[in-house]
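S.K.: One file is attached below, query.cif, containing mmCIF, C-alpha atoms.
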```
data_entry
#
loop_
_atom_site.group_PDB
_atom_site.id
_atom_site.type_symbol
_atom_site.label_atom_id
_atom_site.label_comp_id
_atom_site.auth_asym_id
_atom_site.auth_seq_id
_atom_site.Cartn_x
_atom_site.Cartn_y
_atom_site.Cartn_z
ATOM 1 C CA MET A 1 25.462 12.336 46.798
ATOM 2 C CA THR A 2 24.285 13.083 43.300
ATOM 3 C CA THR A 3 23.810 9.771 41.454
ATOM 4 C CA ILE A 4 21.698 6.750 42.341
ATOM 5 C CA GLY A 5 22.396 3.524 40.463
ATOM 6 C CA PHE A 6 19.716 0.909 39.895
ATOM 7 C CA ILE A 7 20.364 -2.787 39.382
ATOM 8 C CA GLY A 8 16.818 -3.755 38.506
ATOM 9 C CA SER A 9 14.375 -1.092 37.347
ATOM 10 C CA GLY A 10 10.970 -2.737 37.694
ATOM 11 C CA ASN A 11 8.095 -1.698 39.937
ATOM 12 C CA ILE A 12 10.096 -0.800 43.042
ATOM 13 C CA GLY A 13 13.296 0.254 41.294
ATOM 14 C CA GLY A 14 11.418 2.394 38.792
ATOM 15 C CA THR A 15 9.365 4.032 41.530
ATOM 16 C CA VAL A 16 12.441 4.864 43.605
ATOM 17 C CA ALA A 17 14.048 6.276 40.461
ATOM 18 C CA ARG A 18 11.054 8.573 39.889
ATOM 19 C CA LEU A 19 11.227 9.799 43.486
ATOM 20 C CA ALA A 20 14.988 10.291 43.227
ATOM 21 C CA VAL A 21 14.762 12.363 40.024
ATOM 22 C CA ALA A 22 11.984 14.460 41.565
ATOM 23 C CA ALA A 23 14.332 15.121 44.508
ATOM 24 C CA GLY A 24 17.138 16.282 42.207
ATOM 25 C CA TYR A 25 19.272 13.151 41.909
ATOM 26 C CA ASP A 26 20.733 11.773 38.707
ATOM 27 C CA VAL A 27 19.924 8.110 38.073
ATOM 28 C CA VAL A 28 21.523 5.301 36.075
ATOM 29 C CA LEU A 29 19.091 2.483 35.336
ATOM 30 C CA SER A 30 19.796 -1.129 34.441
ATOM 31 C CA ASN A 31 17.984 -4.438 34.172
ATOM 32 C CA SER A 32 18.682 -7.971 32.984
ATOM 33 C CA ARG A 33 17.272 -7.346 29.506
ATOM 34 C CA GLY A 34 19.545 -4.542 28.354
ATOM 35 C CA PRO A 35 19.485 -0.729 28.354
ATOM 36 C CA GLU A 36 17.442 -0.517 25.159
ATOM 37 C CA THR A 37 14.439 -1.909 27.072
ATOM 38 C CA LEU A 38 14.564 1.042 29.486
ATOM 39 C CA GLN A 39 14.249 3.854 26.958
ATOM 40 C CA ASP A 40 10.611 4.583 27.778
ATOM 41 C CA LEU A 41 11.440 4.988 31.472
ATOM 42 C CA VAL A 42 14.490 7.123 30.656
ATOM 43 C CA ALA A 43 12.345 9.332 28.416
ATOM 44 C CA GLU A 44 9.758 9.680 31.179
ATOM 45 C CA LEU A 45 12.387 10.633 33.759
ATOM 46 C CA GLY A 46 14.123 13.157 31.541
ATOM 47 C CA PRO A 47 17.703 14.448 31.346
ATOM 48 C CA ARG A 48 18.689 13.280 34.829
ATOM 49 C CA ALA A 49 18.275 9.641 33.756
ATOM 50 C CA ARG A 50 20.243 7.292 31.555
ATOM 51 C CA ALA A 51 20.327 3.543 31.035
ATOM 52 C CA GLY A 52 23.292 1.197 31.038
ATOM 53 C CA SER A 53 24.444 -2.221 32.157
ATOM 54 C CA ALA A 54 24.349 -3.407 35.757
ATOM 55 C CA ALA A 55 28.087 -2.741 35.933
ATOM 56 C CA ASP A 56 27.490 0.803 34.640
ATOM 57 C CA ALA A 57 24.853 1.456 37.308
ATOM 58 C CA ALA A 58 27.078 -0.031 40.002
ATOM 59 C CA ALA A 59 30.058 2.075 38.972
ATOM 60 C CA ALA A 60 28.119 5.327 38.581
ATOM 61 C CA GLY A 61 26.003 5.226 41.713
ATOM 62 C CA ASP A 62 26.964 6.972 44.940
ATOM 63 C CA ILE A 63 24.175 4.805 46.354
ATOM 64 C CA VAL A 64 23.101 1.701 44.424
ATOM 65 C CA VAL A 65 19.630 0.182 44.677
ATOM 66 C CA VAL A 66 19.465 -3.582 44.118
ATOM 67 C CA SER A 67 15.929 -4.557 43.123
ATOM 68 C CA VAL A 68 16.092 -7.937 41.396
ATOM 69 C CA PRO A 69 14.281 -11.200 42.141
ATOM 70 C CA PHE A 70 16.031 -12.686 45.154
ATOM 71 C CA ARG A 71 17.007 -15.825 43.247
ATOM 72 C CA ALA A 72 19.268 -13.635 41.076
ATOM 73 C CA TYR A 73 21.168 -11.973 43.905
ATOM 74 C CA GLN A 74 24.448 -13.722 43.088
ATOM 75 C CA ALA A 75 24.401 -12.147 39.616
ATOM 76 C CA VAL A 76 24.749 -8.665 41.153
ATOM 77 C CA PRO A 77 28.265 -7.448 40.247
ATOM 78 C CA ALA A 78 30.303 -7.310 43.444
ATOM 79 C CA GLU A 79 33.545 -5.660 42.337
ATOM 80 C CA PRO A 80 32.143 -2.278 41.186
ATOM 81 C CA LEU A 81 30.035 -2.089 44.363
ATOM 82 C CA ALA A 82 33.004 -2.413 46.720
ATOM 83 C CA GLY A 83 32.983 0.360 49.315
ATOM 84 C CA LYS A 84 29.518 1.558 48.336
ATOM 85 C CA VAL A 85 26.204 1.812 50.150
ATOM 86 C CA VAL A 86 23.812 -0.719 48.621
ATOM 87 C CA ILE A 87 20.061 -0.561 49.213
ATOM 88 C CA ASP A 88 18.469 -4.016 49.203
ATOM 89 C CA THR A 89 14.757 -3.966 48.289
ATOM 90 C CA ASN A 90 14.433 -7.724 47.850
ATOM 91 C CA ASN A 91 12.215 -10.340 49.443
ATOM 92 C CA TYR A 92 12.454 -14.112 49.448
ATOM 93 C CA TYR A 93 9.379 -15.673 47.855
ATOM 94 C CA PRO A 94 9.914 -19.467 47.666
ATOM 95 C CA GLN A 95 7.148 -19.869 45.101
ATOM 96 C CA ARG A 96 9.108 -17.580 42.766
ATOM 97 C CA ASP A 97 12.710 -18.012 43.876
ATOM 98 C CA GLY A 98 12.855 -21.706 44.722
ATOM 99 C CA GLN A 99 13.822 -23.038 48.127
ATOM 100 C CA PHE A 100 16.828 -21.700 50.061
ATOM 101 C CA ALA A 101 17.436 -23.917 53.093
ATOM 102 C CA GLU A 102 19.198 -21.169 55.086
ATOM 103 C CA LEU A 103 16.145 -18.963 54.760
ATOM 104 C CA ASP A 104 13.610 -21.729 55.302
ATOM 105 C CA ASP A 105 15.180 -22.645 58.651
ATOM 106 C CA ALA A 106 15.614 -18.949 59.602
ATOM 107 C CA SER A 107 19.350 -19.348 60.185
ATOM 108 C CA THR A 108 19.961 -16.200 58.138
ATOM 109 C CA THR A 109 18.062 -13.571 56.163
ATOM 110 C CA SER A 110 17.930 -12.641 52.496
ATOM 111 C CA SER A 111 19.761 -9.371 53.114
ATOM 112 C CA GLU A 112 22.533 -11.149 55.000
ATOM 113 C CA LEU A 113 23.012 -13.423 51.993
ATOM 114 C CA LEU A 114 23.280 -10.372 49.737
ATOM 115 C CA GLN A 115 25.769 -8.811 52.161
ATOM 116 C CA ARG A 116 27.795 -12.026 52.113
ATOM 117 C CA HIS A 117 27.865 -11.862 48.303
ATOM 118 C CA LEU A 118 28.736 -8.141 48.365
ATOM 119 C CA ALA A 119 31.375 -8.506 51.061
ATOM 120 C CA GLY A 120 33.023 -5.184 50.254
ATOM 121 C CA SER A 121 29.767 -3.191 50.266
ATOM 122 C CA ARG A 122 27.548 -1.843 53.034
ATOM 123 C CA VAL A 123 24.028 -3.222 52.594
ATOM 124 C CA VAL A 124 20.922 -1.542 54.019
ATOM 125 C CA LYS A 125 17.496 -3.179 53.709
ATOM 126 C CA VAL A 126 14.601 -0.855 52.798
ATOM 127 C CA PHE A 127 11.626 -0.534 50.400
ATOM 128 C CA ASN A 128 10.864 -4.276 50.604
ATOM 129 C CA ASN A 129 7.739 -3.958 52.759
ATOM 130 C CA ILE A 130 5.733 -1.383 50.797
ATOM 131 C CA PHE A 131 3.602 -1.804 47.651
ATOM 132 C CA PHE A 132 5.214 0.126 44.812
ATOM 133 C CA LYS A 133 2.081 2.191 44.138
ATOM 134 C CA HIS A 134 1.971 3.239 47.799
ATOM 135 C CA LEU A 135 5.683 4.076 47.662
ATOM 136 C CA GLY A 136 4.999 6.416 44.774
ATOM 137 C CA SER A 137 1.977 8.113 46.325
ATOM 138 C CA LEU A 138 2.864 8.439 50.035
ATOM 139 C CA ALA A 139 6.019 10.573 49.712
ATOM 140 C CA ARG A 140 5.698 13.850 51.624
ATOM 141 C CA PRO A 141 7.979 16.840 52.336
ATOM 142 C CA SER A 142 10.047 16.805 55.510
ATOM 143 C CA GLY A 143 7.956 17.860 58.496
ATOM 144 C CA ALA A 144 4.591 17.028 56.897
ATOM 145 C CA ALA A 145 2.005 15.896 59.433
ATOM 146 C CA ASP A 146 1.098 12.853 57.346
ATOM 147 C CA ARG A 147 4.642 11.715 56.539
ATOM 148 C CA THR A 148 5.201 7.982 56.222
ATOM 149 C CA ALA A 149 8.156 6.094 57.713
ATOM 150 C CA LEU A 150 9.953 3.058 56.311
ATOM 151 C CA PRO A 151 11.933 0.511 58.329
ATOM 152 C CA ILE A 152 15.634 0.096 57.619
ATOM 153 C CA ALA A 153 18.187 -2.450 58.792
ATOM 154 C CA GLY A 154 21.934 -2.670 58.293
ATOM 155 C CA ASP A 155 25.217 -3.569 59.939
ATOM 156 C CA ASP A 156 26.975 -0.254 59.241
ATOM 157 C CA ALA A 157 25.803 2.820 61.154
ATOM 158 C CA ALA A 158 27.219 5.295 58.643
ATOM 159 C CA ALA A 159 25.503 3.496 55.756
ATOM 160 C CA LYS A 160 22.196 3.641 57.589
ATOM 161 C CA GLN A 161 22.713 7.360 58.144
ATOM 162 C CA THR A 162 23.346 7.816 54.413
ATOM 163 C CA VAL A 163 20.185 5.893 53.537
ATOM 164 C CA THR A 164 18.171 7.830 56.121
ATOM 165 C CA GLY A 165 19.271 11.039 54.395
ATOM 166 C CA PHE A 166 18.264 9.665 51.001
ATOM 167 C CA LEU A 167 14.862 8.623 52.330
ATOM 168 C CA ASP A 168 14.350 12.082 53.797
ATOM 169 C CA ALA A 169 15.179 13.663 50.446
ATOM 170 C CA ILE A 170 12.661 11.521 48.547
ATOM 171 C CA GLY A 171 9.875 12.009 51.092
ATOM 172 C CA TYR A 172 10.128 9.438 53.885
ATOM 173 C CA ASP A 173 11.208 9.101 57.494
ATOM 174 C CA ALA A 174 13.250 6.080 58.600
ATOM 175 C CA VAL A 175 12.779 3.663 61.504
ATOM 176 C CA ASP A 176 16.037 1.898 62.387
ATOM 177 C CA VAL A 177 15.151 -1.721 63.156
ATOM 178 C CA GLY A 178 18.735 -2.819 63.847
ATOM 179 C CA ALA A 179 21.205 -5.107 62.108
ATOM 180 C CA LEU A 180 20.603 -6.967 58.846
ATOM 181 C CA ALA A 181 19.808 -10.015 60.974
ATOM 182 C CA ASP A 182 16.785 -8.089 62.259
ATOM 183 C CA GLY A 183 15.443 -7.478 58.755
ATOM 184 C CA TRP A 184 13.134 -10.494 59.086
ATOM 185 C CA ARG A 185 10.915 -8.269 61.230
ATOM 186 C CA TYR A 186 9.486 -6.605 58.108
ATOM 187 C CA GLN A 187 9.754 -9.410 55.591
ATOM 188 C CA PRO A 188 6.687 -11.082 54.008
ATOM 189 C CA ASP A 189 4.096 -12.481 56.428
ATOM 190 C CA THR A 190 4.917 -10.023 59.206
ATOM 191 C CA PRO A 191 2.679 -7.202 60.510
ATOM 192 C CA ALA A 192 4.963 -4.516 59.034
ATOM 193 C CA TYR A 193 4.834 -5.991 55.536
ATOM 194 C CA GLY A 194 2.346 -4.084 53.393
ATOM 195 C CA ALA A 195 -0.484 -3.739 55.877
ATOM 196 C CA PRO A 196 0.498 -0.435 57.577
ATOM 197 C CA PHE A 197 0.198 1.328 54.207
ATOM 198 C CA GLY A 198 -3.223 -0.002 53.195
ATOM 199 C CA THR A 199 -4.457 -2.660 50.801
ATOM 200 C CA PHE A 200 -3.182 -3.464 47.315
ATOM 201 C CA SER A 201 -6.634 -2.580 45.956
ATOM 202 C CA ASP A 202 -6.116 1.045 47.034
ATOM 203 C CA PRO A 203 -3.428 2.590 44.813
ATOM 204 C CA ILE A 204 -3.083 5.683 47.012
ATOM 205 C CA GLY A 205 -2.384 3.979 50.317
ATOM 206 C CA THR A 206 -2.535 5.148 53.924
ATOM 207 C CA PRO A 207 0.223 7.179 55.607
ATOM 208 C CA ALA A 208 2.018 5.273 58.378
ATOM 209 C CA ASP A 209 4.166 7.313 60.747
ATOM 210 C CA ALA A 210 7.221 6.138 62.670
ATOM 211 C CA ALA A 211 5.204 5.080 65.718
ATOM 212 C CA THR A 212 2.933 2.943 63.541
ATOM 213 C CA ILE A 213 5.927 1.229 61.897
ATOM 214 C CA ARG A 214 7.693 0.653 65.225
ATOM 215 C CA ALA A 215 4.557 -0.967 66.633
ATOM 216 C CA ALA A 216 4.162 -3.221 63.608
ATOM 217 C CA VAL A 217 7.823 -4.256 63.681
ATOM 218 C CA ALA A 218 7.571 -5.051 67.398
ATOM 219 C CA LYS A 219 4.728 -7.505 66.736
ATOM 220 C CA ALA A 220 6.802 -9.687 64.400
ATOM 221 C CA GLU A 221 7.145 -13.339 65.406
ATOM 222 C CA ARG A 222 9.187 -16.113 63.872
#
```
Written as structure tokens, how would this file's structure read?

M.R.:
Amino acid sequence: MTTIGFIGSGNIGGTVARLAVAAGYDVVLSNSRGPETLQDLVAELGPRARAGSAADAAAAGDIVVVSVPFRAYQAVPAEPLAGKVVIDTNNYYPQRDGQFAELDDASTTSSELLQRHLAGSRVVKVFNNIFFKHLGSLARPSGAADRTALPIAGDDAAAKQTVTGFLDAIGYDAVDVGALADGWRYQPDTPAYGAPFGTFSDPIGTPADAATIRAAVAKAER
């Protein structure tokens, strides 16, 4: 794996891109406003980065990170993502996204809806439960005593293995929570959302190891 595509390059997407470039990956960035609006980020990231359309990022990426407001998930281009591992960083915030009855009655999850839209892709949910500043500051080398873990969920074991390897490369351990249907366990308003890594007022954050994340995930209630 050498190239990570980004559909959405805001706080989370941009932070993952910085970590990926630091780990030796090439990145292709995109957003809804056009590649010209990403030139500052491309300049910051250096020669391993370029900007393009969402279709460009989808086609170029060996792994593709989708980091758009949930309400826009159906605008993610499905055809160029067929057969690919897709990382879903999104959360459903009704106050921002509007109401989705299937999510309000807990009959499905936001990542399952993305997987339904991207039927030919293999979706893995990660990065949605950590503040972007903490994501940028808590990365540690493999084996570090204060390494942080992030929960992942997905329906494809090989895709989760691929994402676990990517997380390891950019400085994080992974805690496998289960299928996409189990992703609610670290969505907003659960113990694993935000809190294990410290408060938003602290830009550095607090390391949270795998045991801490497993305990927080286990406390989730619907």

S.K.: Let me know the residues the PyMOL selection byres ((chain A and resi 205) around 10) catches in the file above, as a list in words.

M.R.: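 This file, filtered by the PyMOL selection byres ((chain A and resi 205) around 10), leaves Ile130, Phe131, Lys133, His134, Leu135, Gly136, Ser137, Leu138, Gly194, Ala195, Pro196, Phe197, Gly198, Thr199, Phe200, Ser201, Asp202, Pro203, Ile204, Thr206, Pro207 and Ala208 of chain A.
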
S.K.: If you take all atoms listed in the file and a cut-off of 9 Å, which residues of stretch 147-178 of chain A touch stretch 12-20 of chain A, and what are their nearest atom pairs and distances in Å to one decimal, in chain and number order, as a tab-separated table?

M.R.:
```
residue	atom	partner	partner_atom	distance
A:Phe166	CA	A:Ala20	CA	8.5
A:Ala169	CA	A:Ala20	CA	8.0
A:Ile170	CA	A:Leu19	CA	5.5
A:Gly171	CA	A:Leu19	CA	8.0
```

S.K.: Rank A:Asn128, A:Thr2, A:Ser9, A:Ser107 by their smallest atom-to-atom distance to A:Thr190, using only C-alpha atoms, and report the top residue only.

M.R.: A:Asn128

S.K.: Please build the interface table for stretch 55-167 of chain A against stretch 29-48 of chain A with a cut-off of 12 Å, listing for each qualifying residue the nearest atom pair and the distance in Å to one decimal; count all atoms listed in the file, order rows by chain and increasing number, and write it as a tab-separated table.

M.R.:
```
residue	atom	partner	partner_atom	distance
A:Ala55	CA	A:Ser30	CA	8.6
A:Asp56	CA	A:Ser30	CA	7.9
A:Ala57	CA	A:Leu29	CA	6.2
A:Ala58	CA	A:Ser30	CA	9.2
A:Ala59	CA	A:Leu29	CA	11.6
A:Ala60	CA	A:Leu29	CA	10.0
A:Gly61	CA	A:Leu29	CA	9.8
A:Val64	CA	A:Leu29	CA	10.0
A:Val65	CA	A:Leu29	CA	9.6
A:Val66	CA	A:Ser30	CA	10.0
A:Ser67	CA	A:Asn31	CA	9.2
A:Val68	CA	A:Asn31	CA	8.2
A:Pro69	CA	A:Ser32	CA	10.7
A:Ala72	CA	A:Ser32	CA	9.9
A:Tyr73	CA	A:Ser32	CA	11.9
A:Ala75	CA	A:Ser32	CA	9.7
A:Val76	CA	A:Ser32	CA	10.2
```

S.K.: Find, counting all atoms listed in the file, the residue in A:Ile4, A:Leu150, A:Val124, A:Ala144 that gets nearest to A:Arg50.

M.R.: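 For A:Arg50, the nearest of the candidates is A:Ile4.
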
S.K.: Please provide as a count of residues only all residues within 12 Å of A:Leu167, with the sequence filter that same-chain residues fewer than 2 positions apart are discarded (counting all atoms listed in the file).

M.R.: 33

S.K.: With only C-alpha atoms as the basis for distance, which of A:Ala210, A:Ala106, A:Leu113, A:Val27 is at the shortest distance from A:Asn90?

M.R.: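 Closest residue, counting only C-alpha atoms: A:Leu113.
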
S.K.: Pick out the closest residue to A:Asn91 from this set: A:Asp168, A:Ala179, A:Phe6, A:Tyr186. Count all atoms listed in the file.

M.R.: A:Tyr186

S.K.: Determine the residue set returned by the PyMOL selection byres ((chain A and resi 118-121) around 9) for the present structure, and present it as a list of chain:residue names.

M.R.: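 On this input, the PyMOL selection byres ((chain A and resi 118-121) around 9) captures A:Gln74, A:Val76, A:Pro77, A:Ala78, A:Glu79, A:Leu81, A:Ala82, A:Gly83, A:Lys84, A:Val85, A:Val86, A:Leu113, A:Leu114, A:Gln115, A:Arg116, A:His117, A:Arg122, A:Val123.
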
S.K.: Report as a PyMOL selection string the full result of the PyMOL selection byres ((chain A and resi 177) around 9) when it is applied to this structure.

M.R.: chain A and resi 151-154+175-176+178-180+182-183+185+214+217

S.K.: Nearest to A:Ala220: which of A:Gln187, A:Ser53, A:Thr3, A:Thr109 is it, counting only C-alpha atoms?

M.R.: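 Using only C-alpha atoms, A:Ala220 sits closest to A:Gln187.
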
S.K.: For A:Gly143, which residue out of A:Gln99, A:Asp209, A:Lys219, A:Val28 is the nearest one, using only C-alpha atoms?

M.R.: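 Closest residue, counting only C-alpha atoms: A:Asp209.
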
S.K.: May I ask you to restore N, CA, C and O atoms in stretch 48-59 of chain A and write the result as a compact mmCIF listing (two decimals), in the frame of the given file?

M.R.:
```txt
# COMPACT_ATOMS: atom_id res chain seq x y z
N ARG A 48 17.93 13.79 33.68
CA ARG A 48 18.69 13.28 34.83
C ARG A 48 18.85 11.76 34.80
O ARG A 48 19.52 11.19 35.66
N ALA A 49 18.26 11.10 33.82
CA ALA A 49 18.27 9.64 33.76
C ALA A 49 18.99 9.14 32.52
O ALA A 49 18.92 9.74 31.46
N ARG A 50 19.69 8.01 32.69
CA ARG A 50 20.24 7.29 31.56
C ARG A 50 20.23 5.81 31.88
O ARG A 50 20.12 5.42 33.05
N ALA A 51 20.33 4.99 30.86
CA ALA A 51 20.33 3.54 31.04
C ALA A 51 21.69 2.98 30.67
O ALA A 51 22.41 3.52 29.83
N GLY A 52 22.04 1.87 31.33
CA GLY A 52 23.29 1.20 31.04
C GLY A 52 23.23 -0.24 31.51
O GLY A 52 22.14 -0.77 31.81
N SER A 53 24.36 -0.86 31.62
CA SER A 53 24.44 -2.22 32.16
C SER A 53 24.42 -2.17 33.68
O SER A 53 24.55 -1.10 34.29
N ALA A 54 24.28 -3.34 34.30
CA ALA A 54 24.35 -3.41 35.76
C ALA A 54 25.69 -2.90 36.26
O ALA A 54 25.77 -2.19 37.27
N ALA A 55 26.77 -3.23 35.54
CA ALA A 55 28.09 -2.74 35.93
C ALA A 55 28.17 -1.23 35.82
O ALA A 55 28.80 -0.56 36.66
N ASP A 56 27.53 -0.65 34.79
CA ASP A 56 27.49 0.80 34.64
C ASP A 56 26.79 1.46 35.84
O ASP A 56 27.27 2.45 36.39
N ALA A 57 25.62 0.91 36.19
CA ALA A 57 24.85 1.46 37.31
C ALA A 57 25.62 1.33 38.61
O ALA A 57 25.62 2.24 39.45
N ALA A 58 26.30 0.19 38.78
CA ALA A 58 27.08 -0.03 40.00
C ALA A 58 28.23 0.95 40.10
O ALA A 58 28.52 1.50 41.17
N ALA A 59 28.90 1.18 38.97
CA ALA A 59 30.06 2.08 38.97
C ALA A 59 29.66 3.52 39.16
O ALA A 59 30.35 4.30 39.82
```
